[in-house]
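The file data-v2.cif contains mmCIF, C-alpha atoms:
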```
data_model
#
loop_
_atom_site.label_atom_id
_atom_site.label_comp_id
_atom_site.auth_asym_id
_atom_site.auth_seq_id
_atom_site.Cartn_x
_atom_site.Cartn_y
_atom_site.Cartn_z
CA MET P 1 84.64 123.14 93.89
CA SER P 2 86.13 124.72 90.78
CA ARG P 3 88.78 122.73 89.00
CA PRO P 4 91.98 122.94 91.10
CA ARG P 5 95.44 123.62 89.71
CA SER P 6 98.59 121.72 90.63
CA GLY P 7 100.46 123.56 93.39
CA GLU P 8 97.40 125.53 94.49
CA VAL P 9 96.66 125.70 98.25
CA ARG P 10 93.04 125.37 99.34
CA GLU P 11 90.98 125.14 102.52
CA LEU P 12 88.54 122.23 102.41
CA THR P 13 86.08 120.34 104.59
CA VAL P 14 86.55 116.56 104.59
CA GLU P 15 83.29 114.64 104.21
CA SER P 16 84.25 110.98 104.38
CA LEU P 17 87.01 108.40 103.96
CA ALA P 18 87.68 106.61 100.67
CA ALA P 19 88.38 102.88 100.45
CA GLY P 20 92.12 103.53 100.68
CA GLY P 21 91.73 105.57 103.88
CA GLU P 22 92.13 108.99 102.25
CA GLY P 23 89.94 111.89 103.26
CA VAL P 24 87.40 112.94 100.61
CA ALA P 25 86.22 116.48 99.86
CA ARG P 26 83.49 116.94 97.21
CA SER P 27 82.00 119.90 95.43
CA GLU P 28 80.26 120.42 92.09
CA GLY P 29 81.11 116.92 90.88
CA PHE P 30 84.83 117.25 91.59
CA VAL P 31 86.59 115.13 94.23
CA LEU P 32 89.83 115.83 96.05
CA PHE P 33 91.53 113.03 98.02
CA VAL P 34 93.71 113.98 101.00
CA SER P 35 95.74 111.39 102.91
CA HIS P 36 95.62 111.60 106.73
CA ALA P 37 92.63 113.98 106.76
CA LEU P 38 89.56 112.81 108.72
CA PRO P 39 85.82 113.30 108.20
CA GLY P 40 84.50 116.59 109.59
CA GLU P 41 87.89 118.31 109.59
CA ARG P 42 88.62 121.65 108.02
CA VAL P 43 92.06 121.33 106.43
CA ARG P 44 94.56 123.28 104.35
CA VAL P 45 95.78 121.27 101.36
CA ARG P 46 98.30 121.70 98.55
CA VAL P 47 97.01 120.21 95.28
CA GLU P 48 99.51 117.72 93.82
CA GLU P 49 97.83 115.62 91.10
CA VAL P 50 94.97 116.80 88.91
CA HIS P 51 92.96 114.35 86.80
CA ALA P 52 89.78 114.66 84.76
CA ARG P 53 87.32 114.13 87.64
CA TYR P 54 89.46 114.12 90.76
CA ALA P 55 92.65 115.43 92.33
CA ARG P 56 94.99 114.46 95.15
CA GLY P 57 96.47 116.83 97.67
CA GLU P 58 99.04 116.98 100.48
CA LEU P 59 97.73 117.80 103.94
CA LEU P 60 99.48 120.98 105.14
CA GLU P 61 97.48 121.81 108.27
CA VAL P 62 94.45 120.62 110.20
CA LEU P 63 92.49 123.76 111.04
CA ASN P 64 89.64 122.09 112.95
CA PRO P 65 90.60 118.58 114.09
CA SER P 66 88.16 115.71 114.44
CA ALA P 67 87.24 114.49 117.91
CA HIS P 68 88.49 111.10 116.72
CA ARG P 69 91.99 112.32 115.82
CA VAL P 70 94.83 110.86 117.94
CA VAL P 71 98.59 111.32 117.96
CA PRO P 72 100.26 108.55 115.90
CA PRO P 73 102.75 106.70 118.15
CA CYS P 74 105.09 105.55 115.34
CA PRO P 75 108.00 107.92 114.54
CA ALA P 76 108.08 106.68 110.93
CA TYR P 77 104.42 107.60 110.32
CA PRO P 78 103.16 108.89 107.89
CA VAL P 79 106.28 108.67 105.73
CA CYS P 80 106.17 104.87 105.94
CA GLY P 81 103.61 103.30 103.63
CA GLY P 82 102.72 100.40 105.92
CA CYS P 83 99.90 102.18 107.79
CA GLN P 84 97.25 104.64 106.64
CA LEU P 85 95.04 105.27 109.70
CA GLN P 86 97.22 105.88 112.76
CA GLU P 87 95.72 109.35 113.30
CA LEU P 88 92.20 107.83 113.62
CA SER P 89 91.19 106.34 116.99
CA TYR P 90 90.96 102.55 116.89
CA ALA P 91 87.29 102.53 117.89
CA GLN P 92 86.52 104.78 114.93
CA GLN P 93 88.65 102.67 112.59
CA LEU P 94 86.29 99.78 113.36
CA VAL P 95 83.22 101.95 112.68
CA TRP P 96 84.62 103.07 109.33
CA LYS P 97 85.62 99.55 108.26
CA GLY P 98 82.15 98.22 109.04
CA ARG P 99 80.59 101.03 107.02
CA TRP P 100 83.03 100.33 104.17
CA VAL P 101 82.00 96.67 103.99
CA ALA P 102 78.26 97.48 104.09
CA GLU P 103 78.55 100.25 101.49
CA SER P 104 80.63 98.07 99.16
CA LEU P 105 78.06 95.28 99.33
CA GLU P 106 75.23 97.67 98.51
CA ARG P 107 76.98 99.86 95.92
CA ILE P 108 78.86 97.14 94.01
CA GLY P 109 76.78 94.08 94.74
CA GLY P 110 73.30 95.50 95.26
CA ILE P 111 73.22 93.53 98.53
CA ARG P 112 71.54 94.68 101.75
CA ALA P 113 72.39 91.77 104.01
CA PRO P 114 72.85 92.11 107.79
CA VAL P 115 76.44 93.21 108.53
CA ARG P 116 77.62 92.56 112.07
CA ALA P 117 79.80 95.01 113.99
CA VAL P 118 83.46 94.61 113.12
CA MET P 119 85.42 92.22 115.34
CA GLY P 120 88.32 94.24 116.71
CA GLY P 121 91.57 92.93 118.13
CA PRO P 122 94.91 94.13 119.49
CA PRO P 123 95.69 97.35 117.56
CA TRP P 124 99.49 96.95 117.79
CA ARG P 125 102.13 94.16 117.62
CA TYR P 126 99.67 91.85 115.88
CA ARG P 127 101.47 90.80 112.70
CA SER P 128 103.01 87.32 112.49
CA LYS P 129 104.70 88.06 109.16
CA ALA P 130 107.13 90.85 108.27
CA VAL P 131 108.37 91.49 104.72
CA PHE P 132 110.83 94.37 104.53
CA PRO P 133 112.84 95.38 101.45
CA ALA P 134 116.52 96.22 101.74
CA ALA P 135 118.35 99.31 100.46
CA GLU P 136 121.64 101.10 100.94
CA ARG P 137 121.91 104.55 102.55
CA GLU P 138 125.28 106.29 102.74
CA GLY P 139 127.06 103.01 102.20
CA ARG P 140 125.14 101.16 104.94
CA PRO P 141 122.31 98.59 104.62
CA VAL P 142 118.86 99.58 105.84
CA LEU P 143 115.60 97.64 106.13
CA GLY P 144 112.08 98.95 106.29
CA PRO P 145 108.82 99.41 104.40
CA TYR P 146 108.48 101.45 101.24
CA ARG P 147 107.50 105.09 101.36
CA GLN P 148 103.87 105.41 100.28
CA GLY P 149 103.55 104.97 96.50
CA THR P 150 107.29 104.51 95.90
CA HIS P 151 110.10 101.96 96.11
CA GLN P 152 112.09 104.17 98.48
CA VAL P 153 112.88 102.24 101.66
CA VAL P 154 112.08 103.98 104.96
CA PRO P 155 114.60 102.72 107.57
CA VAL P 156 112.76 101.21 110.54
CA GLU P 157 114.26 99.62 113.65
CA ASP P 158 111.00 98.91 115.50
CA CYS P 159 107.80 98.52 113.48
CA LEU P 160 104.86 98.82 115.90
CA LEU P 161 102.79 96.30 113.93
CA GLN P 162 105.43 93.57 114.32
CA SER P 163 106.30 91.49 117.36
CA PRO P 164 109.46 92.40 119.32
CA LEU P 165 111.02 89.13 118.08
CA ALA P 166 110.43 90.00 114.40
CA ASN P 167 112.00 93.42 114.93
CA ALA P 168 114.96 91.81 116.69
CA VAL P 169 115.52 89.56 113.67
CA LEU P 170 115.40 92.52 111.27
CA ARG P 171 117.93 94.47 113.36
CA ALA P 172 120.22 91.45 113.61
CA VAL P 173 120.18 90.90 109.83
CA ARG P 174 121.01 94.55 109.16
CA ARG P 175 123.92 94.53 111.61
CA LEU P 176 125.29 91.24 110.33
CA TRP P 177 125.09 92.47 106.73
CA GLU P 178 126.98 95.61 107.69
CA GLU P 179 129.63 93.74 109.68
CA ARG P 180 130.31 91.32 106.83
CA ARG P 181 130.21 94.07 104.19
CA LEU P 182 127.70 92.18 102.10
CA SER P 183 125.98 93.95 99.23
CA VAL P 184 122.36 95.09 98.91
CA TYR P 185 120.36 94.72 95.71
CA ASP P 186 119.86 97.81 93.57
CA GLU P 187 116.69 97.79 91.43
CA GLY P 188 118.23 100.18 88.90
CA THR P 189 121.51 98.40 88.21
CA ARG P 190 120.21 94.91 89.14
CA GLU P 191 123.42 94.39 91.09
CA GLY P 192 123.88 93.41 94.72
CA LEU P 193 122.64 90.62 96.93
CA LEU P 194 120.02 91.22 99.66
CA ARG P 195 116.54 92.11 98.34
CA HIS P 196 114.13 91.43 101.22
CA VAL P 197 113.99 89.96 104.70
CA LEU P 198 110.89 87.95 105.55
CA VAL P 199 110.19 86.94 109.14
CA ARG P 200 107.38 84.67 110.35
CA THR P 201 106.52 84.38 114.04
CA ASP P 202 104.17 82.09 115.94
CA ALA P 203 101.04 83.18 117.82
CA ALA P 204 102.93 83.93 121.03
CA GLY P 205 105.74 85.78 119.25
CA ALA P 206 108.16 83.37 120.93
CA HIS P 207 109.57 81.61 117.85
CA ALA P 208 110.51 82.93 114.41
CA LEU P 209 111.72 81.83 111.00
CA ALA P 210 113.92 84.21 109.00
CA VAL P 211 114.06 84.18 105.19
CA LEU P 212 116.87 86.06 103.42
CA VAL P 213 115.73 86.87 99.89
CA VAL P 214 118.82 87.33 97.73
CA ALA P 215 119.55 87.86 94.05
CA GLY P 216 122.18 85.09 94.06
CA SER P 217 123.68 82.52 96.41
CA LEU P 218 125.08 83.80 99.66
CA PRO P 219 128.86 83.41 100.05
CA ALA P 220 129.55 81.15 103.00
CA GLY P 221 125.79 81.14 103.54
CA LYS P 222 125.76 78.35 106.11
CA GLY P 223 128.04 80.30 108.40
CA LEU P 224 125.93 83.42 108.12
CA GLY P 225 122.77 81.47 108.97
CA GLY P 226 124.34 79.93 112.04
CA GLU P 227 125.62 83.30 113.23
CA LEU P 228 122.17 84.86 112.86
CA LEU P 229 120.61 81.94 114.73
CA SER P 230 123.03 82.41 117.62
CA ARG P 231 122.31 86.14 117.92
CA VAL P 232 118.52 86.03 118.21
CA PRO P 233 116.95 83.89 120.96
CA GLY P 234 113.73 82.41 119.65
CA LEU P 235 114.89 82.23 116.05
CA VAL P 236 114.41 78.59 115.01
CA GLY P 237 115.62 78.67 111.40
CA VAL P 238 117.26 80.71 108.65
CA VAL P 239 116.37 80.09 104.99
CA GLU P 240 117.95 81.49 101.84
CA ASN P 241 115.44 82.25 99.06
CA ARG P 242 116.83 83.14 95.63
CA GLN P 243 114.92 85.69 93.56
CA SER P 244 116.97 86.80 90.55
CA ALA P 245 114.05 87.87 88.32
CA ARG P 246 113.32 91.51 87.61
CA THR P 247 109.97 91.52 89.39
CA ASN P 248 108.03 92.89 92.34
CA VAL P 249 107.27 89.32 93.47
CA VAL P 250 109.20 88.96 96.72
CA LEU P 251 109.99 85.24 96.81
CA GLY P 252 111.62 83.08 94.15
CA ARG P 253 111.38 79.30 93.88
CA GLY P 254 114.94 78.36 94.84
CA GLU P 255 115.51 77.78 98.57
CA ARG P 256 117.97 76.20 100.95
CA VAL P 257 118.06 76.00 104.72
CA LEU P 258 121.11 77.83 106.10
CA ALA P 259 120.62 76.90 109.76
CA GLY P 260 118.00 75.31 111.99
CA GLU P 261 114.51 74.60 110.68
CA GLY P 262 113.16 75.26 107.19
CA ALA P 263 109.58 75.94 108.33
CA LEU P 264 107.75 77.33 111.37
CA ARG P 265 105.23 75.44 113.47
CA VAL P 266 102.25 77.59 114.46
CA GLU P 267 99.55 76.71 117.00
CA LEU P 268 96.04 77.85 116.10
CA GLU P 269 92.76 76.73 117.65
CA GLY P 270 94.40 73.68 119.21
CA LEU P 271 96.04 72.44 115.99
CA THR P 272 99.66 72.66 114.88
CA PHE P 273 100.35 73.98 111.38
CA THR P 274 103.57 73.81 109.39
CA VAL P 275 104.23 77.09 107.57
CA SER P 276 107.10 77.29 105.07
CA PRO P 277 108.44 80.53 103.52
CA ARG P 278 106.27 80.56 100.37
CA SER P 279 103.01 79.39 101.93
CA PHE P 280 100.08 81.68 102.69
CA PHE P 281 99.07 81.92 106.33
CA GLN P 282 97.01 84.65 108.00
CA VAL P 283 99.19 87.41 109.47
CA ASN P 284 97.01 88.19 112.50
CA LEU P 285 96.66 84.90 114.35
CA PRO P 286 94.26 85.91 117.18
CA GLN P 287 91.92 87.52 114.65
CA ALA P 288 92.30 84.58 112.27
CA ALA P 289 91.07 82.31 115.05
CA ALA P 290 88.02 84.53 115.56
CA LEU P 291 87.32 84.60 111.82
CA TYR P 292 87.62 80.82 111.47
CA ARG P 293 85.32 80.24 114.42
CA THR P 294 82.66 82.34 112.69
CA ALA P 295 83.19 80.58 109.34
CA LEU P 296 82.83 77.14 110.94
CA GLU P 297 79.81 78.22 112.98
CA TRP P 298 78.06 79.24 109.74
CA ALA P 299 79.26 76.12 107.91
CA ALA P 300 77.55 74.02 110.63
CA LEU P 301 79.58 70.94 109.68
CA GLY P 302 79.33 67.76 111.68
CA PRO P 303 80.44 64.12 111.53
CA GLY P 304 79.71 62.59 108.15
CA ASP P 305 79.26 65.92 106.34
CA THR P 306 81.36 66.74 103.28
CA ALA P 307 83.00 70.05 102.44
CA VAL P 308 85.30 71.73 99.93
CA ASP P 309 87.86 74.31 101.08
CA ALA P 310 88.84 76.26 97.96
CA TYR P 311 92.00 78.42 97.89
CA CYS P 312 92.86 76.54 101.07
CA GLY P 313 96.49 77.68 101.45
CA THR P 314 98.15 75.64 104.19
CA GLY P 315 94.81 73.97 104.96
CA THR P 316 93.84 75.89 108.07
CA LEU P 317 90.08 75.88 107.56
CA ALA P 318 90.12 72.41 105.98
CA LEU P 319 91.84 70.88 109.01
CA LEU P 320 89.65 72.72 111.50
CA ALA P 321 86.60 71.38 109.62
CA ALA P 322 88.07 67.86 109.51
CA ARG P 323 88.53 67.97 113.28
CA ARG P 324 84.74 68.29 113.53
CA GLY P 325 84.37 64.98 111.72
CA ALA P 326 83.69 66.34 108.24
CA ARG P 327 85.21 64.84 105.08
CA VAL P 328 87.06 67.72 103.40
CA TRP P 329 88.70 68.35 100.02
CA GLY P 330 91.21 71.20 100.03
CA LEU P 331 91.98 72.92 96.72
CA GLU P 332 95.15 74.98 96.34
CA ALA P 333 97.33 76.07 93.41
CA GLN P 334 100.60 76.53 95.32
CA GLU P 335 102.54 73.29 95.72
CA ALA P 336 104.50 74.47 98.77
CA ALA P 337 101.27 75.29 100.62
CA VAL P 338 99.77 71.89 99.79
CA ALA P 339 102.92 70.18 101.06
CA ASP P 340 102.58 72.12 104.32
CA ALA P 341 98.88 71.22 104.56
CA ARG P 342 99.60 67.52 104.18
CA ARG P 343 102.34 67.67 106.83
CA SER P 344 99.94 69.46 109.18
CA ALA P 345 97.21 66.87 108.59
CA ALA P 346 99.66 64.08 109.50
CA ALA P 347 100.97 65.94 112.57
CA ASN P 348 97.44 66.46 113.87
CA HIS P 349 96.36 62.88 113.03
CA LEU P 350 93.53 64.09 110.79
CA GLY P 351 92.82 61.57 108.06
CA GLY P 352 89.52 62.91 106.77
CA VAL P 353 91.00 65.53 104.46
CA THR P 354 92.39 65.28 100.91
CA PHE P 355 94.42 68.08 99.33
CA LEU P 356 94.48 68.60 95.55
CA THR P 357 97.02 70.80 93.78
CA GLY P 358 96.02 73.12 90.95
CA PRO P 359 93.78 76.10 90.10
CA ALA P 360 90.56 75.97 92.10
CA GLU P 361 88.41 76.46 89.01
CA ASP P 362 89.96 73.33 87.45
CA LEU P 363 89.85 71.22 90.60
CA LEU P 364 86.15 71.67 91.39
CA ALA P 365 85.29 69.07 88.72
CA ARG P 366 87.61 66.54 90.40
CA VAL P 367 85.78 66.59 93.74
CA PRO P 368 84.13 63.14 93.83
CA VAL P 369 81.06 64.15 95.89
CA SER P 370 78.49 66.91 96.08
CA PRO P 371 79.52 68.72 99.29
CA GLN P 372 77.13 70.12 101.86
CA VAL P 373 79.37 73.18 102.32
CA VAL P 374 81.94 75.07 100.26
CA LEU P 375 84.43 77.24 102.12
CA LEU P 376 86.51 79.66 100.05
CA ASP P 377 89.18 82.25 100.79
CA PRO P 378 90.44 83.59 97.43
CA PRO P 379 93.18 86.19 96.88
CA ARG P 380 92.37 89.92 96.72
CA ALA P 381 91.33 89.65 93.06
CA GLY P 382 88.47 87.35 94.07
CA CYS P 383 87.13 84.41 92.08
CA GLN P 384 87.12 83.79 88.35
CA GLN P 385 83.67 83.58 86.76
CA ARG P 386 84.41 79.96 85.81
CA PHE P 387 84.94 79.07 89.47
CA LEU P 388 81.65 80.68 90.51
CA GLU P 389 79.79 78.83 87.77
CA GLY P 390 81.34 75.53 88.87
CA LEU P 391 80.49 76.36 92.48
CA SER P 392 76.81 76.80 91.64
CA ARG P 393 76.80 73.51 89.70
CA LEU P 394 78.06 71.72 92.83
CA SER P 395 74.90 72.97 94.56
CA PRO P 396 76.14 72.81 98.19
CA ARG P 397 73.83 73.51 101.11
CA ARG P 398 75.87 76.55 102.14
CA ILE P 399 78.75 78.72 100.95
CA VAL P 400 81.03 80.47 103.42
CA TYR P 401 83.15 83.08 101.63
CA VAL P 402 86.17 84.66 103.38
CA SER P 403 87.53 87.79 101.69
CA CYS P 404 90.24 90.40 102.26
CA ASN P 405 88.75 92.82 99.69
CA PRO P 406 85.21 94.23 100.16
CA ALA P 407 85.02 95.29 96.49
CA THR P 408 85.72 91.87 94.97
CA LEU P 409 83.62 90.20 97.67
CA ALA P 410 80.65 92.36 96.66
CA ARG P 411 81.25 91.66 92.97
CA ASP P 412 81.40 87.88 93.50
CA LEU P 413 78.36 87.85 95.79
CA ARG P 414 76.42 89.72 93.10
CA ARG P 415 77.39 87.05 90.55
CA LEU P 416 76.35 84.28 92.93
CA GLY P 417 73.08 86.10 93.54
CA GLU P 418 72.35 85.82 89.81
CA ASP P 419 72.52 82.02 90.30
CA GLY P 420 70.04 82.10 93.16
CA TRP P 421 72.31 82.48 96.18
CA ALA P 422 71.25 84.79 99.01
CA VAL P 423 73.61 86.40 101.53
CA ARG P 424 72.32 85.62 105.03
CA GLU P 425 74.89 87.52 107.08
CA VAL P 426 78.32 89.15 106.89
CA GLN P 427 80.93 89.42 109.66
CA PRO P 428 83.80 91.90 109.14
CA VAL P 429 86.99 91.13 111.07
CA ASP P 430 89.76 93.67 111.57
CA MET P 431 92.83 91.64 110.62
CA PHE P 432 94.86 94.76 109.81
CA PRO P 433 94.53 97.54 112.44
CA GLN P 434 96.00 100.94 111.49
CA THR P 435 95.64 100.10 107.79
CA ALA P 436 92.91 100.64 105.18
CA GLN P 437 92.22 96.92 104.92
CA VAL P 438 89.55 94.67 106.40
CA GLU P 439 88.60 91.01 106.19
CA ALA P 440 85.03 89.73 106.02
CA VAL P 441 83.23 86.38 106.02
CA ALA P 442 79.87 85.95 104.28
CA TRP P 443 77.29 83.17 104.72
CA LEU P 444 75.21 82.24 101.66
CA GLU P 445 72.35 79.84 101.04
CA ARG P 446 70.08 79.21 98.07
CA GLU P 447 67.20 81.71 97.92
CA GLY P 448 64.19 80.14 99.61
CA ALA P 449 66.07 76.96 100.56
CA VAL P 450 64.88 74.99 103.58
CA TRP P 451 67.29 72.36 104.94
#
```
Exercise: express the given structure as structure tokens:
Amino acid sequence: MSRPRSGEVRELTVESLAAGGEGVARSEGFVLFVSHALPGERVRVRVEEVHARYARGELLEVLNPSAHRVVPPCPAYPVCGGCQLQELSYAQQLVWKGRWVAESLERIGGIRAPVRAVMGGPPWRYRSKAVFPAAEREGRPVLGPYRQGTHQVVPVEDCLLQSPLANAVLRAVRRLWEERRLSVYDEGTREGLLRHVLVRTDAAGAHALAVLVVAGSLPAGKGLGGELLSRVPGLVGVVENRQSARTNVVLGRGERVLAGEGALRVELEGLTFTVSPRSFFQVNLPQAAALYRTALEWAALGPGDTAVDAYCGTGTLALLAARRGARVWGLEAQEAAVADARRSAAANHLGGVTFLTGPAEDLLARVPVSPQVVLLDPPRAGCQQRFLEGLSRLSPRRIVYVSCNPATLARDLRRLGEDGWAVREVQPVDMFPQTAQVEAVAWLEREGAVW
């Protein structure tokens, strides 16, 4: 492929999918990425961005479609940036995600461990958390995801990844905002009130918590919360969250309950968890249950065993391990999540777990025992080197690593391999159907260890 020029139209054959879900065409060392183009397809593309070694193009026409191409059911797709793979059949999404995990492990980590077939789940209506920014269009408030690669809000009334209850809450907020003539935040002028609406739902999609993220205090906020509660059956609470900083971080630290409850109770694997607005909790609850079952199977914890759950969030894995009779230390930097974890431990009458607040790499030294197992579920950026070094010094029997980013998982597993850890098996789990994301859990033991 000769070097393309911006604005040029070309016919290309797509060879594969990149990590972000874009189609990839290669020739003579040059790569062109095309969103919504599938492997094996002959496509017509307009070149948009040209860089030193690669370019990006807009898909104009599919000349020879893939046998795996389907018609996307969402009317907002592909303008909306929430999904990347709706034109690819769900069965083939699972194949690609499994290949992505295996290739990342080998290419980045130099690891050729057994990778199980991806665990699939419901491809639609699976999310238990919605976060939609607000904007104004022709003098009216709108809510929806951002257009891909921008901060332009795409108005959406019914997101197919969200539960019907979450969509009902979003519609009710928009209508109430319009009726009361309340303002919407403008990123340019930094004026206006409503920035985001966050909705959490339980596993059945029967109960929800709404969080109104605003740049200042709501006028007559209590009345607005009560009105919203009365309009949406199943809504159990309305919370105001104040975020006045000029930032892309959705939630601020200031909160008040406007009506009903200030947190949502979620049932998972027979336990009840308290989830407040700023706490991390998995967004696909059926798939989270499957992932946690695998993690605990590999941890092989029993009565009298000890474990550390690092980056524990609201303590989901820690409490499930404690229910098996293990003594568990949960490590988490976010105070709100630790408070939720402690409430959940009390509600489930689980006394064998202790939660510590602070960075995981600092807290490892405060664990008073040498645990048999370390469970960890870090953010997308993965683990700091200092944490991995401290982890190896603990010398547990097993490590079970849960990750939402194959690239940083592979990097961290390579670092652990340098300290003598071997990857026994990896299980990818599709927590995010229709998107270019996948979760995976890896089981590690010391090279040559016999227990």
>> Selection in question (the file shown): the PyMOL selection byres ((chain P and resi 29-34) around 6). Which residues does it include, as a ChimeraX atom specification?
In response: /P:22-28,35,37,53-57
>> Counting all atoms listed in the file, which residue out of P:Val79, P:Val115, P:Glu136, P:Leu235 sits closest to Asn167 in chain P?
In response: P:Leu235
> Any idea what's packed within 10 Å of range 361-364 of chain P, counting all atoms listed in the file, ignoring anything in its chain fewer than 2 positions away? Could you give it as a VMD selection string?
Replying inline: chain P and resid 308 310 to 311 329 to 333 356 to 359 366 to 368 383 to 391 393 to 394
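Note that CA of Tyr77 in chain P and CA of Ala130 in chain P are 17.1 Å apart.
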>> Which residues, named as in the file, does the PyMOL selection byres ((chain P and resi 65) around 8) pick out? Answer as number ranges by chain.
In response: P: 38, 40-42, 62-64, 66-67, 69
Go ahead and write the residues just picked, C-alpha atoms, as a PDB file, in the frame of the given file.
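Final output, out01.pdb:
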```pdb
ATOM      1  CA  LEU P  38      89.560 112.810 108.720  1.00  0.00           C
ATOM      2  CA  GLY P  40      84.500 116.590 109.590  1.00  0.00           C
ATOM      3  CA  GLU P  41      87.890 118.310 109.590  1.00  0.00           C
ATOM      4  CA  ARG P  42      88.620 121.650 108.020  1.00  0.00           C
ATOM      5  CA  VAL P  62      94.450 120.620 110.200  1.00  0.00           C
ATOM      6  CA  LEU P  63      92.490 123.760 111.040  1.00  0.00           C
ATOM      7  CA  ASN P  64      89.640 122.090 112.950  1.00  0.00           C
ATOM      8  CA  SER P  66      88.160 115.710 114.440  1.00  0.00           C
ATOM      9  CA  ALA P  67      87.240 114.490 117.910  1.00  0.00           C
ATOM     10  CA  ARG P  69      91.990 112.320 115.820  1.00  0.00           C
TER      11      ARG P  69
END
```
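We find CA of Ala321 in chain P and CA of Phe281 in chain P to be spaced 16.7 Å apart.
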> Which of these, P:Ala204, P:Ala91, P:Val369, P:Ala336, has the shortest distance to Gly254 in chain P once you count only C-alpha atoms?
Replying inline: P:Ala336
> In terms of the shortest atom-to-atom distance over all atoms listed in the file, which of P:Gly313, P:Pro73, P:Gly237, P:Gly144 is closest to Arg171 in chain P?
Replying inline: P:Gly144
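Across P:Arg256, P:Arg125, P:His68, P:Arg46, the tightest approach to Glu240 in chain P is made by P:Arg256 when counting all atoms listed in the file.
For the choices P:Cys312, P:Ala339, P:Ala345, P:Cys404, the atom-to-atom distance to Val283 in chain P is smallest for P:Cys404 when using all atoms listed in the file.
Neighbours of range 145-156 of chain P closer than or equal to 8 Å, with all atoms listed in the file counted and sequence neighbours fewer than 4 positions away skipped, come out as P:Ala76, P:Val79, P:Cys80, P:Gly81, P:Gly82, P:Val131, P:Phe132, P:Pro133, P:Ala134, P:Ala135.
For the pair CA of Phe273 in chain P and CA of Val338 in chain P, the separation is 11.8 Å.
Environment of (77.5, 99.2, 96.9): residues at most 12 Å away, judged by all atoms listed in the file, are P:Arg99, P:Trp100, P:Val101, P:Ala102, P:Glu103, P:Ser104, P:Leu105, P:Glu106, P:Arg107, P:Ile108, P:Gly109, P:Gly110, P:Ile111, P:Arg112, P:Ala113, P:Pro406, P:Ala407, P:Thr408, P:Leu409, P:Ala410, P:Arg411, P:Leu413, P:Arg414.
Using all atoms listed in the file, the nearest neighbour of Thr314 in chain P within the list P:Val266, P:Ala117, P:Ala208, P:Val70 is P:Val266.
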>> At a cut-off of 12 Å, using all atoms listed in the file, what residues contact Glu261 in chain P? Leave out same-chain residues fewer than 4 positions from it and give the result as a ChimeraX atom specification.
In response: /P:207-211,225-226,229,234-240,256-257,265,274-277
Missing atoms in range 352-363 of chain P need filling: write out N, CA and C atoms for it as a PDB file, keeping the file's coordinate frame.
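As a result, out_28.pdb now contains:
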```
ATOM      1  N   GLY P 352      90.714  62.691 107.561  1.00  0.00           N
ATOM      2  CA  GLY P 352      89.520  62.910 106.770  1.00  0.00           C
ATOM      3  C   GLY P 352      89.615  64.052 105.788  1.00  0.00           C
ATOM      4  N   VAL P 353      90.830  64.403 105.372  1.00  0.00           N
ATOM      5  CA  VAL P 353      91.000  65.530 104.460  1.00  0.00           C
ATOM      6  C   VAL P 353      91.929  65.142 103.323  1.00  0.00           C
ATOM      7  N   THR P 354      91.582  65.543 102.100  1.00  0.00           N
ATOM      8  CA  THR P 354      92.390  65.280 100.910  1.00  0.00           C
ATOM      9  C   THR P 354      92.716  66.609 100.257  1.00  0.00           C
ATOM     10  N   PHE P 355      93.997  66.829  99.951  1.00  0.00           N
ATOM     11  CA  PHE P 355      94.420  68.080  99.330  1.00  0.00           C
ATOM     12  C   PHE P 355      94.772  67.828  97.866  1.00  0.00           C
ATOM     13  N   LEU P 356      94.220  68.674  96.986  1.00  0.00           N
ATOM     14  CA  LEU P 356      94.480  68.600  95.550  1.00  0.00           C
ATOM     15  C   LEU P 356      95.226  69.857  95.127  1.00  0.00           C
ATOM     16  N   THR P 357      96.186  69.689  94.217  1.00  0.00           N
ATOM     17  CA  THR P 357      97.020  70.800  93.780  1.00  0.00           C
ATOM     18  C   THR P 357      96.623  71.262  92.390  1.00  0.00           C
ATOM     19  N   GLY P 358      96.358  72.555  92.256  1.00  0.00           N
ATOM     20  CA  GLY P 358      96.020  73.120  90.950  1.00  0.00           C
ATOM     21  C   GLY P 358      95.078  74.298  91.130  1.00  0.00           C
ATOM     22  N   PRO P 359      94.729  74.994  90.027  1.00  0.00           N
ATOM     23  CA  PRO P 359      93.780  76.100  90.100  1.00  0.00           C
ATOM     24  C   PRO P 359      92.415  75.625  90.599  1.00  0.00           C
ATOM     25  N   ALA P 360      91.832  76.382  91.493  1.00  0.00           N
ATOM     26  CA  ALA P 360      90.560  75.970  92.100  1.00  0.00           C
ATOM     27  C   ALA P 360      89.475  75.762  91.063  1.00  0.00           C
ATOM     28  N   GLU P 361      89.467  76.601  90.023  1.00  0.00           N
ATOM     29  CA  GLU P 361      88.410  76.460  89.010  1.00  0.00           C
ATOM     30  C   GLU P 361      88.543  75.170  88.216  1.00  0.00           C
ATOM     31  N   ASP P 362      89.766  74.617  88.114  1.00  0.00           N
ATOM     32  CA  ASP P 362      89.960  73.330  87.450  1.00  0.00           C
ATOM     33  C   ASP P 362      89.654  72.155  88.375  1.00  0.00           C
ATOM     34  N   LEU P 363      89.959  72.338  89.667  1.00  0.00           N
ATOM     35  CA  LEU P 363      89.850  71.220  90.600  1.00  0.00           C
ATOM     36  C   LEU P 363      88.424  70.933  91.053  1.00  0.00           C
TER      37      LEU P 363
END
```
